[in-house]
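**Q** First, the structure itself, so that you have it in front of you.
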Amino acid sequence: MKRWLPFAAFCVLLVFLYVGLFRDPREVPSPFIGRPAPAFVLPVVERPGNTFSPEQARGRSWLLNVWAPWCTTCQKEHLFLMQVAATGVPVYGLNWKDQDREAAAMLARMGNPYVLNADDRDGRVGIDWGVTGVPETFVIDAEGIIRMKHSGPINERIWKRKFVPLLHALDS
Amino acid sequence: MRRGACFLLGLALLATEAVASEARPNADDPLLEARLMGLAADLRCVVCQNESLAESRAPLALDLREEVRELMRQGKTDPEVVEYLTLRYGDFVLYRPPFKPETYLLWLGPALFLAIGALAWAIATRRRRELPATDRLDAEDLRKAAELLRDESK
């Protein structure tokens, strides 16, 4: 019995290290889950002169996709977002730190999956939402509560695993 | 001649001054800047591994420093600034995590392991002290041992 004790302790350590192996140290846990979406009023990229604030999207669950024209990963994600938008899920865009004002032209060229894009030119709204990089996607429910945050691009696998079940639960 | 040299020296000093202030555009208030860097050294840059907000040159870190600078200019205290950041980025931004249920193990873990070690040490020493008397060497054993050793050395 006593002889097994160090071995048992070693096994416990092994379990901790093994679990640690599969954890992403870059994943920042969002403190927003379950909290109301931070308010903002920003100009709309597609309709100059108009503004958008999150209350306008209330009524059903929606996505806020934080992206930027200078972000190459976002361009890959853009193709998949076109598919998502085609299924009828409302995707709003937060055009983050677009200093070169390229978003409108780019969406015209590549297609626009967004209901509309809020223009966060200096990135202040991004900071309010705890954005650490692009792309990032928030799921907000009909009452304006943030339900999930995904950092990094969405692809089919992630969409099916993380988004579909949640959106289904929120909208039923 | 001497006056001319003084003038040139003055001009040179003025020039270095100008260069120095150009290199640090945000240091218009050195006190605030020192306060910012002091606080930022205890905050984690959320996009870089193992770098503080003070050290990092990542764009987001620059933005966050500017944000903190702005909050300080508005007269916010250090705890208020820290609260502003933790509301957005969570306890992850803190290099000194708060003491709460999720971090009990983190804070108390070292003391716990020290206690386990102390307990193990106490048990081991007591067991040694309680060794049965037959295991100990009495005067007779020692005499025999000494005799053997003497034989050996001959």
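Chain labels run A, B, ... following the order of the structure tokens; each chain numbers its residues from 1, and ligands are numbered from 1 in the order shown.
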Set the cut-off to 9 Å and count only C-alpha atoms: what are the residues of chain A that reach chain B? Output as an mmCIF file with N, CA, C and O atoms, in the first residue's frame.
**A**
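Below is the file that was written, selection_15.cif:
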```
data_model
loop_
_atom_site.group_PDB
_atom_site.id
_atom_site.type_symbol
_atom_site.label_atom_id
_atom_site.label_comp_id
_atom_site.auth_asym_id
_atom_site.auth_seq_id
_atom_site.Cartn_x
_atom_site.Cartn_y
_atom_site.Cartn_z
ATOM 1 N N PRO A 25 -3.746 27.966 -24.470
ATOM 2 C CA PRO A 25 -3.382 29.056 -23.561
ATOM 3 C C PRO A 25 -3.748 30.427 -24.111
ATOM 4 O O PRO A 25 -3.747 31.416 -23.393
ATOM 5 N N ARG A 26 -4.071 30.468 -25.419
ATOM 6 C CA ARG A 26 -4.410 31.760 -26.016
ATOM 7 C C ARG A 26 -5.896 32.092 -25.888
ATOM 8 O O ARG A 26 -6.327 33.172 -26.218
ATOM 9 N N VAL A 28 -8.936 33.367 -24.379
ATOM 10 C CA VAL A 28 -9.284 34.259 -23.295
ATOM 11 C C VAL A 28 -10.749 34.038 -22.954
ATOM 12 O O VAL A 28 -11.614 34.251 -23.790
ATOM 13 N N PRO A 29 -11.037 33.590 -21.742
ATOM 14 C CA PRO A 29 -12.446 33.385 -21.397
ATOM 15 C C PRO A 29 -13.172 34.731 -21.363
ATOM 16 O O PRO A 29 -12.668 35.686 -20.773
ATOM 17 N N SER A 30 -14.316 34.812 -22.031
ATOM 18 C CA SER A 30 -15.018 36.084 -22.089
ATOM 19 C C SER A 30 -15.879 36.292 -20.859
ATOM 20 O O SER A 30 -16.637 35.416 -20.474
ATOM 21 N N PRO A 31 -15.749 37.459 -20.226
ATOM 22 C CA PRO A 31 -16.587 37.726 -19.061
ATOM 23 C C PRO A 31 -17.996 38.171 -19.449
ATOM 24 O O PRO A 31 -18.808 38.457 -18.593
ATOM 25 N N PHE A 32 -18.281 38.218 -20.763
ATOM 26 C CA PHE A 32 -19.562 38.757 -21.208
ATOM 27 C C PHE A 32 -20.683 37.739 -21.269
ATOM 28 O O PHE A 32 -21.835 38.109 -21.413
ATOM 29 N N ASP A 122 -12.043 53.444 -34.915
ATOM 30 C CA ASP A 122 -10.898 53.522 -33.987
ATOM 31 C C ASP A 122 -10.810 52.328 -33.039
ATOM 32 O O ASP A 122 -9.907 52.259 -32.206
ATOM 33 N N GLY A 123 -11.753 51.388 -33.150
ATOM 34 C CA GLY A 123 -11.654 50.164 -32.352
ATOM 35 C C GLY A 123 -12.122 50.291 -30.915
ATOM 36 O O GLY A 123 -11.945 49.378 -30.116
ATOM 37 N N ARG A 124 -12.729 51.431 -30.561
ATOM 38 C CA ARG A 124 -13.165 51.639 -29.173
ATOM 39 C C ARG A 124 -14.307 50.710 -28.787
ATOM 40 O O ARG A 124 -14.360 50.206 -27.668
ATOM 41 N N ILE A 127 -13.011 47.327 -28.012
ATOM 42 C CA ILE A 127 -12.479 47.228 -26.646
ATOM 43 C C ILE A 127 -13.621 47.029 -25.649
ATOM 44 O O ILE A 127 -13.528 46.220 -24.734
ATOM 45 N N ASP A 128 -14.744 47.754 -25.871
ATOM 46 C CA ASP A 128 -15.903 47.604 -24.985
ATOM 47 C C ASP A 128 -16.461 46.188 -25.005
ATOM 48 O O ASP A 128 -17.059 45.732 -24.040
ATOM 49 N N TRP A 129 -16.294 45.523 -26.126
ATOM 50 C CA TRP A 129 -16.789 44.148 -26.263
ATOM 51 C C TRP A 129 -15.693 43.130 -25.929
ATOM 52 O O TRP A 129 -15.884 41.935 -26.126
ATOM 53 N N GLY A 130 -14.557 43.596 -25.477
ATOM 54 C CA GLY A 130 -13.481 42.682 -25.111
ATOM 55 C C GLY A 130 -12.863 41.969 -26.288
ATOM 56 O O GLY A 130 -12.362 40.856 -26.152
ATOM 57 N N VAL A 131 -12.880 42.610 -27.451
ATOM 58 C CA VAL A 131 -12.307 41.991 -28.639
ATOM 59 C C VAL A 131 -10.782 41.966 -28.523
ATOM 60 O O VAL A 131 -10.163 42.968 -28.169
ATOM 61 N N THR A 132 -10.188 40.797 -28.786
ATOM 62 C CA THR A 132 -8.727 40.720 -28.723
ATOM 63 C C THR A 132 -8.114 40.607 -30.108
ATOM 64 O O THR A 132 -6.926 40.841 -30.290
ATOM 65 N N GLY A 133 -8.914 40.239 -31.103
ATOM 66 C CA GLY A 133 -8.396 40.127 -32.456
ATOM 67 C C GLY A 133 -9.533 39.762 -33.389
ATOM 68 O O GLY A 133 -10.660 39.534 -32.942
#
```
**Q** Taking the chain letters and numbering used in this document, name the residues of region 54-108 of chain B that DSSP puts in helix (DSSP H, G or I), as a VMD selection string.
**A** chain B and resid 59 to 73 78 to 89 91 to 93 101 to 108
**Q** In Å, rounded to a single decimal, give me how far CA of Ile140 (chain A) is from CA of Asn95 (chain A).
**A** 17.4 Å
**Q** Separation of CA of Leu71 (chain B) and CA of Leu94 (chain B), in Å?
**A**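 Between these atoms lies a distance of 17.6 Å.
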**Q** Residues of region 39-148 of chain A classed as strand (DSSP E or B) by DSSP on the backbone are to be reported as a PDB file with N, CA, C and O atoms, in the first residue's frame.
**A**
```pdb
ATOM      1  N   LEU A  42     -22.998  53.375 -33.858  1.00  0.00           N
ATOM      2  CA  LEU A  42     -21.942  53.539 -34.854  1.00  0.00           C
ATOM      3  C   LEU A  42     -22.548  53.758 -36.237  1.00  0.00           C
ATOM      4  O   LEU A  42     -23.650  53.291 -36.517  1.00  0.00           O
ATOM      5  N   PRO A  43     -21.815  54.455 -37.107  1.00  0.00           N
ATOM      6  CA  PRO A  43     -22.286  54.619 -38.481  1.00  0.00           C
ATOM      7  C   PRO A  43     -22.355  53.266 -39.194  1.00  0.00           C
ATOM      8  O   PRO A  43     -21.582  52.357 -38.893  1.00  0.00           O
ATOM      9  N   VAL A  44     -23.302  53.161 -40.146  1.00  0.00           N
ATOM     10  CA  VAL A  44     -23.446  51.935 -40.923  1.00  0.00           C
ATOM     11  C   VAL A  44     -22.607  52.045 -42.192  1.00  0.00           C
ATOM     12  O   VAL A  44     -22.698  53.046 -42.907  1.00  0.00           O
ATOM     13  N   THR A  51     -27.125  55.078 -38.564  1.00  0.00           N
ATOM     14  CA  THR A  51     -26.369  54.510 -37.452  1.00  0.00           C
ATOM     15  C   THR A  51     -27.010  53.189 -37.027  1.00  0.00           C
ATOM     16  O   THR A  51     -28.162  52.916 -37.339  1.00  0.00           O
ATOM     17  N   PHE A  52     -26.210  52.381 -36.340  1.00  0.00           N
ATOM     18  CA  PHE A  52     -26.707  51.110 -35.812  1.00  0.00           C
ATOM     19  C   PHE A  52     -26.356  50.999 -34.341  1.00  0.00           C
ATOM     20  O   PHE A  52     -25.277  51.398 -33.908  1.00  0.00           O
ATOM     21  N   TRP A  62     -29.114  36.715 -32.887  1.00  0.00           N
ATOM     22  CA  TRP A  62     -28.313  37.185 -34.015  1.00  0.00           C
ATOM     23  C   TRP A  62     -26.829  37.043 -33.719  1.00  0.00           C
ATOM     24  O   TRP A  62     -26.432  36.796 -32.584  1.00  0.00           O
ATOM     25  N   LEU A  63     -26.046  37.174 -34.757  1.00  0.00           N
ATOM     26  CA  LEU A  63     -24.597  37.069 -34.605  1.00  0.00           C
ATOM     27  C   LEU A  63     -23.953  38.434 -34.829  1.00  0.00           C
ATOM     28  O   LEU A  63     -24.396  39.192 -35.685  1.00  0.00           O
ATOM     29  N   LEU A  64     -22.934  38.732 -34.057  1.00  0.00           N
ATOM     30  CA  LEU A  64     -22.111  39.893 -34.353  1.00  0.00           C
ATOM     31  C   LEU A  64     -20.729  39.368 -34.708  1.00  0.00           C
ATOM     32  O   LEU A  64     -20.032  38.801 -33.875  1.00  0.00           O
ATOM     33  N   ASN A  65     -20.380  39.528 -35.965  1.00  0.00           N
ATOM     34  CA  ASN A  65     -19.084  39.059 -36.455  1.00  0.00           C
ATOM     35  C   ASN A  65     -18.121  40.245 -36.526  1.00  0.00           C
ATOM     36  O   ASN A  65     -18.360  41.212 -37.252  1.00  0.00           O
ATOM     37  N   VAL A  66     -17.061  40.165 -35.719  1.00  0.00           N
ATOM     38  CA  VAL A  66     -16.055  41.236 -35.723  1.00  0.00           C
ATOM     39  C   VAL A  66     -15.004  40.878 -36.774  1.00  0.00           C
ATOM     40  O   VAL A  66     -14.405  39.803 -36.705  1.00  0.00           O
ATOM     41  N   TRP A  67     -14.809  41.743 -37.734  1.00  0.00           N
ATOM     42  CA  TRP A  67     -13.870  41.455 -38.814  1.00  0.00           C
ATOM     43  C   TRP A  67     -13.205  42.746 -39.286  1.00  0.00           C
ATOM     44  O   TRP A  67     -13.500  43.844 -38.790  1.00  0.00           O
ATOM     45  N   VAL A  91     -26.705  37.916 -39.550  1.00  0.00           N
ATOM     46  CA  VAL A  91     -25.306  38.172 -39.187  1.00  0.00           C
ATOM     47  C   VAL A  91     -25.054  39.671 -39.343  1.00  0.00           C
ATOM     48  O   VAL A  91     -25.204  40.225 -40.424  1.00  0.00           O
ATOM     49  N   TYR A  92     -24.692  40.307 -38.234  1.00  0.00           N
ATOM     50  CA  TYR A  92     -24.304  41.712 -38.289  1.00  0.00           C
ATOM     51  C   TYR A  92     -22.782  41.766 -38.224  1.00  0.00           C
ATOM     52  O   TYR A  92     -22.146  40.916 -37.610  1.00  0.00           O
ATOM     53  N   GLY A  93     -22.216  42.763 -38.861  1.00  0.00           N
ATOM     54  CA  GLY A  93     -20.763  42.879 -38.867  1.00  0.00           C
ATOM     55  C   GLY A  93     -20.312  44.061 -38.026  1.00  0.00           C
ATOM     56  O   GLY A  93     -20.984  45.082 -37.952  1.00  0.00           O
ATOM     57  N   LEU A  94     -19.163  43.877 -37.361  1.00  0.00           N
ATOM     58  CA  LEU A  94     -18.507  45.020 -36.744  1.00  0.00           C
ATOM     59  C   LEU A  94     -17.184  45.178 -37.493  1.00  0.00           C
ATOM     60  O   LEU A  94     -16.277  44.366 -37.355  1.00  0.00           O
ATOM     61  N   ASN A  95     -17.132  46.202 -38.314  1.00  0.00           N
ATOM     62  CA  ASN A  95     -15.949  46.455 -39.136  1.00  0.00           C
ATOM     63  C   ASN A  95     -14.924  47.164 -38.265  1.00  0.00           C
ATOM     64  O   ASN A  95     -15.012  48.358 -38.007  1.00  0.00           O
ATOM     65  N   TRP A  96     -13.940  46.374 -37.809  1.00  0.00           N
ATOM     66  CA  TRP A  96     -13.043  46.807 -36.737  1.00  0.00           C
ATOM     67  C   TRP A  96     -11.761  47.443 -37.270  1.00  0.00           C
ATOM     68  O   TRP A  96     -11.035  46.827 -38.044  1.00  0.00           O
ATOM     69  N   ASN A 117     -23.151  46.484 -41.526  1.00  0.00           N
ATOM     70  CA  ASN A 117     -21.882  46.567 -40.812  1.00  0.00           C
ATOM     71  C   ASN A 117     -21.797  47.857 -40.016  1.00  0.00           C
ATOM     72  O   ASN A 117     -22.057  48.936 -40.548  1.00  0.00           O
ATOM     73  N   ALA A 118     -21.449  47.726 -38.736  1.00  0.00           N
ATOM     74  CA  ALA A 118     -21.192  48.907 -37.923  1.00  0.00           C
ATOM     75  C   ALA A 118     -19.718  49.273 -38.092  1.00  0.00           C
ATOM     76  O   ALA A 118     -18.859  48.399 -38.108  1.00  0.00           O
ATOM     77  N   ASP A 119     -19.470  50.553 -38.239  1.00  0.00           N
ATOM     78  CA  ASP A 119     -18.130  51.019 -38.573  1.00  0.00           C
ATOM     79  C   ASP A 119     -17.371  51.460 -37.316  1.00  0.00           C
ATOM     80  O   ASP A 119     -17.520  52.592 -36.856  1.00  0.00           O
ATOM     81  N   ASP A 120     -16.559  50.544 -36.773  1.00  0.00           N
ATOM     82  CA  ASP A 120     -15.795  50.852 -35.557  1.00  0.00           C
ATOM     83  C   ASP A 120     -14.383  51.253 -35.955  1.00  0.00           C
ATOM     84  O   ASP A 120     -13.427  50.503 -35.789  1.00  0.00           O
ATOM     85  N   GLU A 136     -13.802  37.452 -34.636  1.00  0.00           N
ATOM     86  CA  GLU A 136     -14.457  36.967 -33.420  1.00  0.00           C
ATOM     87  C   GLU A 136     -15.950  37.061 -33.666  1.00  0.00           C
ATOM     88  O   GLU A 136     -16.395  37.975 -34.364  1.00  0.00           O
ATOM     89  N   THR A 137     -16.698  36.114 -33.117  1.00  0.00           N
ATOM     90  CA  THR A 137     -18.135  36.127 -33.339  1.00  0.00           C
ATOM     91  C   THR A 137     -18.889  35.949 -32.026  1.00  0.00           C
ATOM     92  O   THR A 137     -18.580  35.044 -31.255  1.00  0.00           O
ATOM     93  N   PHE A 138     -19.844  36.841 -31.794  1.00  0.00           N
ATOM     94  CA  PHE A 138     -20.682  36.756 -30.604  1.00  0.00           C
ATOM     95  C   PHE A 138     -22.068  36.254 -31.010  1.00  0.00           C
ATOM     96  O   PHE A 138     -22.559  36.596 -32.091  1.00  0.00           O
ATOM     97  N   VAL A 139     -22.682  35.453 -30.143  1.00  0.00           N
ATOM     98  CA  VAL A 139     -24.082  35.074 -30.330  1.00  0.00           C
ATOM     99  C   VAL A 139     -24.884  35.830 -29.289  1.00  0.00           C
ATOM    100  O   VAL A 139     -24.607  35.735 -28.087  1.00  0.00           O
ATOM    101  N   ILE A 140     -25.844  36.626 -29.762  1.00  0.00           N
ATOM    102  CA  ILE A 140     -26.666  37.436 -28.864  1.00  0.00           C
ATOM    103  C   ILE A 140     -28.113  36.972 -28.997  1.00  0.00           C
ATOM    104  O   ILE A 140     -28.600  36.772 -30.110  1.00  0.00           O
ATOM    105  N   ILE A 145     -28.882  39.485 -24.678  1.00  0.00           N
ATOM    106  CA  ILE A 145     -27.875  38.907 -23.777  1.00  0.00           C
ATOM    107  C   ILE A 145     -26.856  38.122 -24.620  1.00  0.00           C
ATOM    108  O   ILE A 145     -27.231  37.355 -25.500  1.00  0.00           O
ATOM    109  N   ILE A 146     -25.560  38.337 -24.323  1.00  0.00           N
ATOM    110  CA  ILE A 146     -24.522  37.595 -25.046  1.00  0.00           C
ATOM    111  C   ILE A 146     -24.486  36.157 -24.535  1.00  0.00           C
ATOM    112  O   ILE A 146     -24.384  35.912 -23.335  1.00  0.00           O
ATOM    113  N   ARG A 147     -24.617  35.207 -25.447  1.00  0.00           N
ATOM    114  CA  ARG A 147     -24.692  33.797 -25.059  1.00  0.00           C
ATOM    115  C   ARG A 147     -23.396  33.046 -25.321  1.00  0.00           C
ATOM    116  O   ARG A 147     -23.093  32.056 -24.686  1.00  0.00           O
ATOM    117  N   MET A 148     -22.633  33.503 -26.306  1.00  0.00           N
ATOM    118  CA  MET A 148     -21.418  32.778 -26.651  1.00  0.00           C
ATOM    119  C   MET A 148     -20.473  33.702 -27.393  1.00  0.00           C
ATOM    120  O   MET A 148     -20.906  34.663 -28.027  1.00  0.00           O
TER     121      MET A 148
END
```
**Q** Using only C-alpha atoms for the distances, tell me which of A:Glu46, A:Gly88, A:Leu5, A:Leu13 is nearest to Ala108 (chain A).
**A**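 So, comparing all the options, the nearest one is A:Glu46.
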**Q** Work out how far apart CA of Leu21 (chain A) and CA of Gly34 (chain A) are and give it in Å to one decimal.
**A**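 It comes out at 28.4 Å.
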**Q** Determine, counting only C-alpha atoms, which protein, DNA and RNA residues have an atom within 10 Å of an atom of Gly111 (chain A); residues of the same chain fewer than 5 positions away are not included. Present the result as a list in words.
**A** His78, Leu79, Met82, Ala105 and Met106 of chain A
